[in-house]
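Below is start_20.pdb, holding PDB, C-alpha atoms and all ligand atoms.
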```pdb
ATOM      1  CA  MET A 858    -213.612 -78.145 -59.535
ATOM      2  CA  SER A 859    -216.217 -79.657 -61.757
ATOM      3  CA  ARG A 860    -216.600 -78.228 -65.221
ATOM      4  CA  LYS A 861    -220.123 -77.155 -64.306
ATOM      5  CA  ALA A 862    -218.867 -75.266 -61.253
ATOM      6  CA  ALA A 863    -216.126 -73.649 -63.385
ATOM      7  CA  LYS A 864    -218.797 -72.415 -65.755
ATOM      8  CA  GLU A 865    -220.953 -71.081 -62.956
ATOM      9  CA  LEU A 866    -218.022 -69.314 -61.347
ATOM     10  CA  SER A 867    -217.003 -67.751 -64.654
ATOM     11  CA  ASP A 868    -220.564 -66.531 -65.224
ATOM     12  CA  GLU A 869    -220.480 -64.953 -61.784
ATOM     13  CA  LEU A 870    -217.077 -63.318 -62.317
ATOM     14  CA  GLY A 871    -218.229 -62.115 -65.721
ATOM     15  CA  LYS A 872    -220.855 -59.945 -64.031
ATOM     16  CA  SER A 873    -218.147 -57.790 -62.413
ATOM     17  CA  PRO A 874    -215.760 -56.578 -65.082
ATOM     18  CA  GLY A 875    -212.779 -54.714 -63.660
ATOM     19  CA  GLU A 876    -210.924 -51.755 -65.080
ATOM     20  CA  LEU A 877    -209.197 -53.072 -68.170
ATOM     21  CA  ARG A 878    -206.262 -50.687 -68.206
ATOM     22  CA  GLY A 879    -202.592 -51.239 -69.038
ATOM     23  CA  ARG A 880    -201.568 -53.512 -71.865
ATOM     24  CA  ARG A 881    -203.366 -56.796 -72.273
ATOM     25  CA  VAL A 882    -201.615 -59.003 -74.757
ATOM     26  CA  VAL A 883    -202.243 -62.509 -76.106
ATOM     27  CA  VAL A 884    -199.325 -64.379 -77.648
ATOM     28  CA  ALA A 885    -200.716 -66.828 -80.203
ATOM     29  CA  GLY A 886    -199.526 -68.912 -83.151
ATOM     30  CA  LYS A 887    -198.865 -72.385 -84.505
ATOM     31  CA  GLY A 888    -197.216 -75.032 -82.314
ATOM     32  CA  GLY A 889    -193.500 -74.658 -81.662
ATOM     33  CA  VAL A 890    -193.043 -71.199 -83.187
ATOM     34  CA  GLY A 891    -191.771 -69.603 -79.960
ATOM     35  CA  LYS A 892    -194.898 -68.349 -78.154
ATOM     36  CA  THR A 893    -193.859 -69.411 -74.660
ATOM     37  CA  THR A 894    -190.322 -68.135 -75.134
ATOM     38  CA  LEU A 895    -191.668 -64.749 -76.228
ATOM     39  CA  ALA A 896    -194.363 -64.540 -73.534
ATOM     40  CA  ALA A 897    -191.770 -65.339 -70.860
ATOM     41  CA  SER A 898    -189.227 -62.895 -72.258
ATOM     42  CA  LEU A 899    -191.712 -60.020 -72.482
ATOM     43  CA  SER A 900    -192.895 -60.756 -68.935
ATOM     44  CA  LEU A 901    -189.371 -60.870 -67.514
ATOM     45  CA  ILE A 902    -188.230 -57.706 -69.262
ATOM     46  CA  ALA A 903    -191.359 -55.797 -68.250
ATOM     47  CA  ALA A 904    -191.042 -56.966 -64.640
ATOM     48  CA  GLY A 905    -187.362 -55.999 -64.707
ATOM     49  CA  GLU A 906    -188.451 -52.489 -65.724
ATOM     50  CA  GLY A 907    -190.629 -52.333 -62.627
ATOM     51  CA  ARG A 908    -194.026 -52.978 -64.191
ATOM     52  CA  ARG A 909    -196.516 -55.271 -62.531
ATOM     53  CA  VAL A 910    -196.933 -58.263 -64.781
ATOM     54  CA  LEU A 911    -199.623 -60.895 -64.752
ATOM     55  CA  ALA A 912    -198.566 -63.839 -66.900
ATOM     56  CA  LEU A 913    -201.225 -66.375 -67.846
ATOM     57  CA  ASP A 914    -200.562 -69.826 -69.161
ATOM     58  CA  GLN A 915    -203.440 -71.092 -71.265
ATOM     59  CA  ASP A 916    -201.538 -74.150 -72.405
ATOM     60  CA  VAL A 917    -202.500 -77.318 -70.568
ATOM     61  CA  GLN A 918    -198.842 -78.387 -70.748
ATOM     62  CA  GLN A 919    -198.171 -75.561 -68.259
ATOM     63  CA  ASN A 920    -194.624 -74.807 -69.385
ATOM     64  CA  LEU A 921    -194.642 -71.007 -69.097
ATOM     65  CA  ALA A 922    -193.453 -71.364 -65.480
ATOM     66  CA  TYR A 923    -190.245 -73.092 -66.596
ATOM     67  CA  SER A 924    -189.580 -70.389 -69.179
ATOM     68  CA  LEU A 925    -190.041 -67.715 -66.527
ATOM     69  CA  GLY A 926    -187.356 -69.413 -64.466
ATOM     70  CA  TYR A 927    -189.749 -70.620 -61.775
ATOM     71  CA  PRO A 928    -188.049 -73.546 -59.983
ATOM     72  CA  THR A 929    -188.865 -76.832 -61.699
ATOM     73  CA  ASP A 930    -189.879 -78.687 -58.547
ATOM     74  CA  LYS A 931    -192.293 -75.933 -57.595
ATOM     75  CA  ALA A 932    -193.563 -75.570 -61.166
ATOM     76  CA  GLU A 933    -194.568 -79.208 -61.153
ATOM     77  CA  GLY A 934    -196.765 -78.581 -58.139
ATOM     78  CA  LEU A 935    -198.551 -75.534 -59.582
ATOM     79  CA  ARG A 936    -202.270 -75.682 -59.084
ATOM     80  CA  PRO A 937    -204.338 -74.591 -62.046
ATOM     81  CA  ILE A 938    -206.938 -71.871 -61.561
ATOM     82  CA  THR A 939    -209.724 -74.378 -61.792
ATOM     83  CA  ASP A 940    -208.361 -76.062 -58.637
ATOM     84  CA  GLU A 941    -207.618 -72.769 -56.935
ATOM     85  CA  ALA A 942    -211.167 -71.669 -57.570
ATOM     86  CA  ASP A 943    -212.204 -74.791 -55.719
ATOM     87  CA  LEU A 944    -210.087 -73.778 -52.756
ATOM     88  CA  ILE A 945    -211.585 -70.303 -52.737
ATOM     89  CA  GLU A 946    -214.966 -71.844 -52.725
ATOM     90  CA  GLU A 947    -214.005 -73.930 -49.704
ATOM     91  CA  LYS A 948    -212.467 -70.957 -47.896
ATOM     92  CA  THR A 949    -215.322 -68.575 -48.507
ATOM     93  CA  GLY A 950    -217.960 -71.216 -48.110
ATOM     94  CA  SER A 951    -219.587 -69.928 -51.238
ATOM     95  CA  ARG A 952    -221.290 -72.328 -53.544
ATOM     96  CA  PRO A 953    -221.548 -72.354 -57.301
ATOM     97  CA  GLY A 954    -224.081 -69.754 -58.225
ATOM     98  CA  GLY A 955    -223.397 -67.881 -54.997
ATOM     99  CA  HIS A 956    -219.802 -66.633 -55.040
ATOM    100  CA  GLY A 957    -220.722 -63.487 -53.165
ATOM    101  CA  GLY A 958    -217.538 -63.231 -51.099
ATOM    102  CA  LEU A 959    -215.385 -63.768 -54.092
ATOM    103  CA  VAL A 960    -216.918 -61.231 -56.409
ATOM    104  CA  SER A 961    -217.797 -58.483 -53.971
ATOM    105  CA  LEU A 962    -214.690 -56.465 -54.786
ATOM    106  CA  ASN A 963    -212.654 -56.430 -57.969
ATOM    107  CA  PRO A 964    -209.166 -57.609 -57.116
ATOM    108  CA  ASP A 965    -206.120 -56.014 -58.626
ATOM    109  CA  VAL A 966    -203.235 -57.909 -60.178
ATOM    110  CA  SER A 967    -201.543 -58.715 -56.864
ATOM    111  CA  ASP A 968    -204.749 -59.902 -55.203
ATOM    112  CA  VAL A 969    -205.669 -62.158 -58.055
ATOM    113  CA  VAL A 970    -202.197 -63.719 -57.971
ATOM    114  CA  ASP A 971    -202.472 -64.160 -54.195
ATOM    115  CA  ARG A 972    -205.776 -65.898 -54.637
ATOM    116  CA  PHE A 973    -205.247 -67.929 -57.759
ATOM    117  CA  GLY A 974    -201.582 -68.031 -58.692
ATOM    118  CA  VAL A 975    -197.958 -67.696 -57.656
ATOM    119  CA  PHE A 976    -195.404 -64.928 -57.714
ATOM    120  CA  VAL A 977    -192.374 -65.753 -59.839
ATOM    121  CA  GLN A 978    -190.876 -62.449 -58.719
ATOM    122  CA  GLU A 979    -192.304 -59.741 -56.520
ATOM    123  CA  ASN A 980    -193.995 -57.959 -59.426
ATOM    124  CA  LEU A 981    -194.430 -60.941 -61.749
ATOM    125  CA  GLY A 982    -197.396 -63.179 -61.046
ATOM    126  CA  LEU A 983    -198.387 -66.327 -62.873
ATOM    127  CA  LEU A 984    -201.762 -67.984 -63.280
ATOM    128  CA  VAL A 985    -202.035 -71.369 -64.886
ATOM    129  CA  MET A 986    -205.265 -72.347 -66.571
ATOM    130  CA  GLY A 987    -204.824 -76.105 -66.413
ATOM    131  CA  GLY A 988    -207.267 -78.550 -67.874
ATOM    132  CA  VAL A 989    -207.409 -82.108 -68.982
ATOM    133  CA  VAL A 990    -204.595 -82.950 -71.328
ATOM    134  CA  HIS A 991    -205.875 -85.026 -74.261
ATOM    135  CA  SER A 992    -209.431 -84.380 -73.202
ATOM    136  CA  ALA A 993    -211.747 -86.686 -75.081
ATOM    137  CA  THR A 994    -213.818 -83.882 -76.515
ATOM    138  CA  GLY A 995    -210.829 -81.614 -77.134
ATOM    139  CA  CYS A 996    -212.822 -78.670 -75.806
ATOM    140  CA  LEU A 997    -211.464 -76.770 -72.876
ATOM    141  CA  CYS A 998    -214.481 -74.494 -72.915
ATOM    142  CA  PRO A 999    -215.175 -74.197 -69.154
ATOM    143  CA  GLU A1000    -211.476 -73.752 -68.371
ATOM    144  CA  ASN A1001    -211.145 -71.093 -71.063
ATOM    145  CA  ALA A1002    -214.287 -69.330 -69.923
ATOM    146  CA  LEU A1003    -213.006 -69.206 -66.342
ATOM    147  CA  LEU A1004    -209.626 -67.871 -67.434
ATOM    148  CA  GLY A1005    -211.271 -65.254 -69.660
ATOM    149  CA  ALA A1006    -213.649 -64.199 -66.891
ATOM    150  CA  LEU A1007    -210.790 -63.863 -64.403
ATOM    151  CA  VAL A1008    -208.820 -61.692 -66.797
ATOM    152  CA  ARG A1009    -211.750 -59.330 -67.233
ATOM    153  CA  PHE A1010    -212.468 -59.360 -63.514
ATOM    154  CA  VAL A1011    -209.031 -58.133 -62.452
ATOM    155  CA  ASP A1012    -208.466 -54.385 -62.125
ATOM    156  CA  THR A1013    -205.330 -53.160 -63.858
ATOM    157  CA  ARG A1014    -203.409 -49.906 -63.776
ATOM    158  CA  ASP A1015    -202.009 -48.120 -66.806
ATOM    159  CA  GLU A1016    -198.484 -49.437 -66.350
ATOM    160  CA  ASP A1017    -199.535 -53.071 -65.839
ATOM    161  CA  LEU A1018    -198.934 -55.773 -68.387
ATOM    162  CA  VAL A1019    -201.244 -58.775 -68.654
ATOM    163  CA  LEU A1020    -199.818 -61.335 -70.988
ATOM    164  CA  MET A1021    -201.249 -64.680 -72.009
ATOM    165  CA  ASP A1022    -199.319 -67.530 -73.577
ATOM    166  CA  ALA A1023    -202.081 -69.060 -75.696
ATOM    167  CA  GLN A1024    -202.401 -72.670 -76.676
ATOM    168  CA  ALA A1025    -201.180 -73.503 -80.143
ATOM    169  CA  GLY A1026    -203.474 -73.015 -83.114
ATOM    170  CA  MET A1027    -206.985 -71.644 -83.338
ATOM    171  CA  GLU A1028    -209.145 -73.721 -80.991
ATOM    172  CA  PRO A1029    -208.506 -71.826 -77.768
ATOM    173  CA  PHE A1030    -209.073 -68.531 -79.446
ATOM    174  CA  GLY A1031    -212.665 -67.662 -78.615
ATOM    175  CA  ARG A1032    -214.486 -64.563 -77.494
ATOM    176  CA  SER A1033    -214.744 -65.785 -73.904
ATOM    177  CA  VAL A1034    -210.962 -65.509 -73.664
ATOM    178  CA  THR A1035    -210.063 -62.642 -75.965
ATOM    179  CA  GLN A1036    -212.549 -60.123 -74.548
ATOM    180  CA  GLY A1037    -210.110 -59.266 -71.769
ATOM    181  CA  PHE A1038    -207.290 -58.412 -74.194
ATOM    182  CA  ASP A1039    -206.588 -55.646 -76.660
ATOM    183  CA  VAL A1040    -203.535 -56.832 -78.568
ATOM    184  CA  VAL A1041    -202.709 -60.162 -80.141
ATOM    185  CA  LEU A1042    -199.135 -60.926 -81.101
ATOM    186  CA  ILE A1043    -199.281 -63.697 -83.653
ATOM    187  CA  VAL A1044    -195.939 -65.457 -83.633
ATOM    188  CA  SER A1045    -194.848 -67.219 -86.795
ATOM    189  CA  GLU A1046    -191.769 -68.759 -88.255
ATOM    190  CA  VAL A1047    -191.092 -67.796 -91.835
ATOM    191  CA  SER A1048    -192.314 -71.168 -93.100
ATOM    192  CA  PHE A1049    -195.361 -71.385 -95.349
ATOM    193  CA  ASN A1050    -197.457 -73.471 -92.927
ATOM    194  CA  SER A1051    -196.727 -71.293 -89.957
ATOM    195  CA  LEU A1052    -197.557 -68.133 -91.906
ATOM    196  CA  LYS A1053    -200.837 -69.627 -93.104
ATOM    197  CA  VAL A1054    -201.850 -70.420 -89.513
ATOM    198  CA  ALA A1055    -200.875 -66.847 -88.588
ATOM    199  CA  GLU A1056    -203.125 -65.535 -91.358
ATOM    200  CA  ARG A1057    -206.094 -67.563 -90.115
ATOM    201  CA  ILE A1058    -205.564 -66.514 -86.498
ATOM    202  CA  ALA A1059    -205.376 -62.886 -87.665
ATOM    203  CA  ALA A1060    -208.706 -63.203 -89.468
ATOM    204  CA  LEU A1061    -210.276 -64.755 -86.382
ATOM    205  CA  ALA A1062    -208.823 -62.070 -84.111
ATOM    206  CA  ARG A1063    -210.363 -59.391 -86.343
ATOM    207  CA  GLU A1064    -213.722 -61.170 -86.206
ATOM    208  CA  LEU A1065    -213.413 -61.129 -82.427
ATOM    209  CA  ASP A1066    -212.844 -57.363 -82.563
ATOM    210  CA  MET A1067    -209.335 -57.411 -81.136
ATOM    211  CA  LYS A1068    -208.169 -53.809 -81.242
ATOM    212  CA  GLU A1069    -204.724 -54.615 -82.522
ATOM    213  CA  VAL A1070    -203.386 -57.587 -84.466
ATOM    214  CA  ASP A1071    -199.604 -57.772 -84.871
ATOM    215  CA  LEU A1072    -197.348 -60.282 -86.566
ATOM    216  CA  VAL A1073    -194.093 -61.391 -84.929
ATOM    217  CA  LEU A1074    -191.803 -63.251 -87.310
ATOM    218  CA  ASN A1075    -189.549 -65.355 -85.130
ATOM    219  CA  LYS A1076    -186.320 -67.290 -85.655
ATOM    220  CA  VAL A1077    -185.365 -65.077 -88.585
ATOM    221  CA  TYR A1078    -181.899 -66.034 -89.861
ATOM    222  CA  ASP A1079    -181.637 -63.442 -92.571
ATOM    223  CA  PRO A1080    -183.677 -60.293 -93.355
ATOM    224  CA  VAL A1081    -184.134 -61.675 -96.877
ATOM    225  CA  GLU A1082    -186.556 -64.183 -95.337
ATOM    226  CA  LEU A1083    -188.905 -61.330 -94.525
ATOM    227  CA  GLU A1084    -189.395 -60.687 -98.225
ATOM    228  CA  SER A1085    -190.420 -64.262 -98.884
ATOM    229  CA  ALA A1086    -192.769 -64.115 -95.876
ATOM    230  CA  ALA A1087    -194.353 -61.022 -97.391
ATOM    231  CA  ASP A1088    -195.004 -63.029-100.556
ATOM    232  CA  THR A1089    -196.872 -65.684 -98.564
ATOM    233  CA  LEU A1090    -199.117 -63.425 -96.544
ATOM    234  CA  SER A1091    -200.018 -59.787 -96.751
ATOM    235  CA  PHE A1092    -198.256 -57.738 -94.084
ATOM    236  CA  GLU A1093    -201.007 -55.201 -94.634
ATOM    237  CA  SER A1094    -203.498 -57.353 -92.766
ATOM    238  CA  PHE A1095    -201.488 -56.651 -89.579
ATOM    239  CA  ASP A1096    -201.229 -53.429 -87.621
ATOM    240  CA  HIS A1097    -197.512 -53.980 -87.078
ATOM    241  CA  VAL A1098    -194.944 -56.513 -88.166
ATOM    242  CA  PHE A1099    -191.927 -57.310 -85.987
ATOM    243  CA  ALA A1100    -188.988 -59.608 -86.591
ATOM    244  CA  LEU A1101    -187.043 -61.496 -83.926
ATOM    245  CA  PRO A1102    -183.735 -63.080 -84.870
ATOM    246  CA  TYR A1103    -182.841 -66.733 -84.608
ATOM    247  CA  ASP A1104    -180.582 -66.755 -81.569
ATOM    248  CA  PRO A1105    -178.749 -70.001 -80.715
ATOM    249  CA  THR A1106    -178.380 -68.944 -77.075
ATOM    250  CA  VAL A1107    -182.174 -69.109 -76.736
ATOM    251  CA  ARG A1108    -182.218 -72.782 -77.610
ATOM    252  CA  GLU A1109    -179.115 -73.492 -75.558
ATOM    253  CA  SER A1110    -180.630 -72.085 -72.395
ATOM    254  CA  GLU A1111    -184.168 -73.252 -72.918
ATOM    255  CA  PRO A1112    -186.549 -73.381 -71.263
ATOM    256  CA  ASP A1113    -185.403 -70.807 -68.687
ATOM    257  CA  MET A1114    -185.312 -67.362 -70.300
ATOM    258  CA  SER A1115    -184.402 -65.534 -67.089
ATOM    259  CA  THR A1116    -180.689 -66.196 -67.652
ATOM    260  CA  ILE A1117    -180.727 -64.846 -71.210
ATOM    261  CA  ILE A1118    -182.754 -61.784 -70.394
ATOM    262  CA  GLY A1119    -180.210 -60.703 -67.806
ATOM    263  CA  ARG A1120    -177.358 -61.181 -70.255
ATOM    264  CA  GLY A1121    -178.751 -59.391 -73.283
ATOM    265  CA  GLY A1122    -177.985 -60.695 -76.779
ATOM    266  CA  PRO A1123    -179.815 -60.425 -80.107
ATOM    267  CA  TYR A1124    -183.080 -62.076 -79.091
ATOM    268  CA  SER A1125    -183.573 -60.250 -75.825
ATOM    269  CA  GLU A1126    -182.665 -56.920 -77.394
ATOM    270  CA  ALA A1127    -185.228 -57.419 -80.145
ATOM    271  CA  VAL A1128    -187.863 -58.441 -77.574
ATOM    272  CA  LYS A1129    -187.090 -55.345 -75.554
ATOM    273  CA  GLU A1130    -187.782 -53.196 -78.629
ATOM    274  CA  LEU A1131    -191.061 -55.018 -79.096
ATOM    275  CA  LEU A1132    -191.967 -54.347 -75.460
ATOM    276  CA  ASP A1133    -191.006 -50.673 -75.797
ATOM    277  CA  TYR A1134    -193.426 -50.442 -78.652
ATOM    278  CA  LEU A1135    -196.179 -52.287 -76.744
ATOM    279  CA  CYS A1136    -195.976 -50.405 -73.453
TER
HETATM  280  N1  LIG B   1    -185.713 -66.623 -81.682
HETATM  281  C1  LIG B   1    -185.367 -67.881 -81.383
HETATM  282  N2  LIG B   1    -184.132 -68.347 -81.697
HETATM  283  C2  LIG B   1    -183.799 -69.629 -81.449
HETATM  284  N3  LIG B   1    -184.611 -70.536 -80.882
HETATM  285  C3  LIG B   1    -185.845 -70.135 -80.545
HETATM  286  C4  LIG B   1    -186.290 -68.795 -80.756
HETATM  287  N4  LIG B   1    -187.565 -68.678 -80.306
HETATM  288  C5  LIG B   1    -187.894 -69.894 -79.813
HETATM  289  N5  LIG B   1    -186.879 -70.779 -79.948
HETATM  290  C6  LIG B   1    -186.854 -72.211 -79.595
HETATM  291  O1  LIG B   1    -187.928 -72.833 -80.277
HETATM  292  C7  LIG B   1    -188.470 -73.891 -79.494
HETATM  293  C8  LIG B   1    -189.968 -73.719 -79.345
HETATM  294  O2  LIG B   1    -190.201 -72.555 -78.569
HETATM  295  P1  LIG B   1    -191.487 -72.419 -77.623
HETATM  296  O3  LIG B   1    -191.584 -73.574 -76.705
HETATM  297  O4  LIG B   1    -191.433 -71.053 -77.065
HETATM  298  O5  LIG B   1    -192.629 -72.522 -78.713
HETATM  299  P2  LIG B   1    -194.219 -72.570 -78.479
HETATM  300  O6  LIG B   1    -194.820 -71.847 -79.625
HETATM  301  O7  LIG B   1    -194.543 -72.088 -77.130
HETATM  302  O8  LIG B   1    -194.482 -74.122 -78.575
HETATM  303  P3  LIG B   1    -195.843 -74.912 -78.158
HETATM  304  O9  LIG B   1    -196.812 -74.653 -79.256
HETATM  305  O10 LIG B   1    -195.392 -76.337 -78.087
HETATM  306  O11 LIG B   1    -196.293 -74.361 -76.840
HETATM  307  C9  LIG B   1    -187.714 -73.888 -78.181
HETATM  308  O12 LIG B   1    -186.689 -74.845 -78.270
HETATM  309  C10 LIG B   1    -187.122 -72.470 -78.120
HETATM  310  O13 LIG B   1    -185.919 -72.434 -77.373
HETATM  311 MG    MG B   2    -195.634 -72.990 -75.587
END
```

With the file now loaded, output its structure as C-alpha cells.
Ligand SMILES: Nc1ncnc2c1ncn2[C@@H]1O[C@H](COP(=O)(O)OP(=O)(O)OP(=O)(O)O)[C@@H](O)[C@H]1O
Ligand SMILES: [Mg+2]
Amino acid sequence: MSRKAAKELSDELGKSPGELRGRRVVVAGKGGVGKTTLAASLSLIAAGEGRRVLALDQDVQQNLAYSLGYPTDKAEGLRPITDEADLIEEKTGSRPGGHGGLVSLNPDVSDVVDRFGVFVQENLGLLVMGGVVHSATGCLCPENALLGALVRFVDTRDEDLVLMDAQAGMEPFGRSVTQGFDVVLIVSEVSFNSLKVAERIAALARELDMKEVDLVLNKVYDPVELESAADTLSFESFDHVFALPYDPTVRESEPDMSTIIGRGGPYSEAVKELLDYLC
C-alpha cells in the first residue's frame, strides 16, 4: 500500500471510532529495556486467563511474534497491516477515499485480527504495523497513523486487553497512535540513561493526555537499586511504579516467553501481579 493510500485509509477509519472499552496499554521505553518481553508476557498471561487479547507490534523489526511463541517460519511471513489493508482494498474493491465496505461496521477484536492479523492462540491476536526499516526520512507517520486509526476503530469489551509494543524511544509516540490507549507502561532499567528516557516519555505521555502513566523498573537485581532510581527521577511523576526482577531464565529462553509463562518463576509472577493491577 502506498503511504498516501495508508493515510487516506487511516483518515477514513478515524471517522468511525469504536467502543474503547477494556484495558488499552502501550509498552514504551528506551531500546533494549525489555518492552517486547513484557508486552509478550502480559499478553500471554492475560490470554491464559481467558481474556481476549489484541497484541500490536509497532516496531518495524516485528519481533513481538517470536516473543509470543508464534512459530519462527510463520512469523517471518507475517504481513504488516499496511499490506493487509491493501488486500482488503482489493477484496472489497474499495479505493482510497472510498473504503465504504471496510468502515461500514466497527469490527471487534476477533474481526480485526481476521482481517488484518493472525491468531497466535484462539484468544490472542497479533497485528504487525510494519514499515520501512531504516527509512530515509525516519518518519513512519502514515504507518503509525494507520495503526492508531485501527486501534480506535476496533470495538472492545470490558474484559479485553489491547496491548502495543511500541518502538524504542520517543519518535513513534504521537497523538495519532496514543489516542486509542489509556495507560502507558514506561519500561526502564535502573540505569541513568534509561531512566532519563523514561522521564521524557512520561512528560510526552502527559502532554498527550494519557490517562495513566506508570513506570516499570525492569531487570532489578536488588531492591536497593530502586532507591537509587528514585534519586534519578521522581517516582511522583508516575501514577504507579512497579519493579520486575532480573530473571536469568528470561534471557535463557528468549525470545519465546510462552515457555516461561507456563512454568512460573520470579519474572512471570511479577508480571502477573502487574496484570492483576492493570485488569
Ligand atoms: N526481567 C528480565 N530479566 C532478565 N532478562 C531480561 C528481562 N527483561 C528483558 N530481558 C532481556 O533483555 C533483552 C532485551 O529485551 P527486549 O527485546 O524485550 O527489549 P526491548 O525493549 O523490546 O528492545 P528493543 O528496543 O530492541 O525492541 C532480551 O535479551 C531479554 O531476554
Ligand atoms: Mg522490542

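Once the PyMOL selection byres (((chain A and resi 1056) around 10) and not hetatm) is applied to the shown structure, the selection contains Gly886, Ile1043, Ser1045, Asn1050, Ser1051, Leu1052, Lys1053, Val1054, Ala1055, Arg1057, Ile1058, Ala1059, Ala1060, Leu1061, Ala1062, Leu1072, Thr1089, Leu1090, Ser1091, Phe1092, Ser1094 and Phe1095 of chain A.
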
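Of the listed residues A:Ile938, A:Leu1065, A:Ala885, A:Leu1132, the one whose atoms come nearest to Ala863 (chain A) is A:Ile938, with distances taken using only C-alpha atoms.
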
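This file, filtered with the PyMOL selection byres (((not hetatm)) within 9 of (chain B and resi 2)), gives the residues Gly888, Gly889, Val890, Gly891, Lys892, Thr893, Thr894, Ala896, Asp914, Asp916, Gln918, Gln919, Asn920, Leu921, Asp1022, Ala1023, Gln1024 and Ala1025 of chain A.
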
### Task
Check what the PyMOL selection byres (((chain A and resi 913) around 12) and not hetatm) selects in the file above and give those residues as a PyMOL selection string.
chain A and resi 881-884+893+896-897+900+910-912+914-917+919-922+925+937-938+966+969-970+973-977+981-987+1001+1004-1005+1007-1008+1018-1024+1034+1038

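Ranking A:Gly1119, A:Pro1112, A:Gly879, A:Gly905 by their shortest atom-to-atom distance to ligand LIG 1 (chain B), with all atoms listed in the file included, puts A:Pro1112 first.
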
### Query
Interatomic distance between atom N2 of ligand LIG 1 (chain B) and CA of Glu1082 (chain A)?
14.5 Å

### Query
So, counting only C-alpha atoms, which residue among A:Val1073, A:Met1027, A:Ala1087, A:Leu997 is closest to Leu1042 (chain A)?
A:Val1073

### Task
Find the distance between CA of Val1011 (chain A) and CA of Leu901 (chain A) and write it in Å to one decimal.
20.5 Å

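Of the residues under consideration (A:Ser1085, A:Ser1110, A:Thr939, A:Thr1116), A:Ser1110 shows the shortest atom-to-atom contact distance to ligand LIG 1 (chain B) when counting all atoms listed in the file.
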
### Long-range neighbours of Lys1129 (chain A) as a PyMOL selection string, 9 Å cut-off, only C-alpha atoms, 3 positions minimum in chain
chain A and resi 898-899+902-903+1124-1126+1132-1134

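Among the candidates A:Glu1016, A:Pro874, A:Arg1009, A:Glu933, the one nearest to Cys1136 (chain A) when counting all atoms listed in the file is A:Glu1016.
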
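Taking atom N4 of ligand LIG 1 (chain B) and CA of Tyr1103 (chain A) as endpoints, the distance between them is 6.7 Å.
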
Return the padded bounding box of ligand LIG 1 (chain B) as lines of an AutoDock Vina configuration file: axis-aligned, built from all atoms listed in the file, 3 Å added on each side, with centre and edge lengths in Å to one decimal.
```
center_x = -190.3
center_y = -71.5
center_z = -79.2
size_x = 19.0
size_y = 15.7
size_z = 11.0
```

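The nearest approach to Ala904 (chain A) among the residues A:Thr929, A:Leu935, A:Glu979, A:Asp1104, with all atoms listed in the file taken into account, belongs to A:Glu979.
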
### Message
From (-214.8, -72.4, -67.6), in the file's coordinates, out to 7 Å: which residues are reached, counting all atoms listed in the file? Answer as an MDAnalysis selection string.
### Response
chainID A and resid 860 863:864 867 998:1004
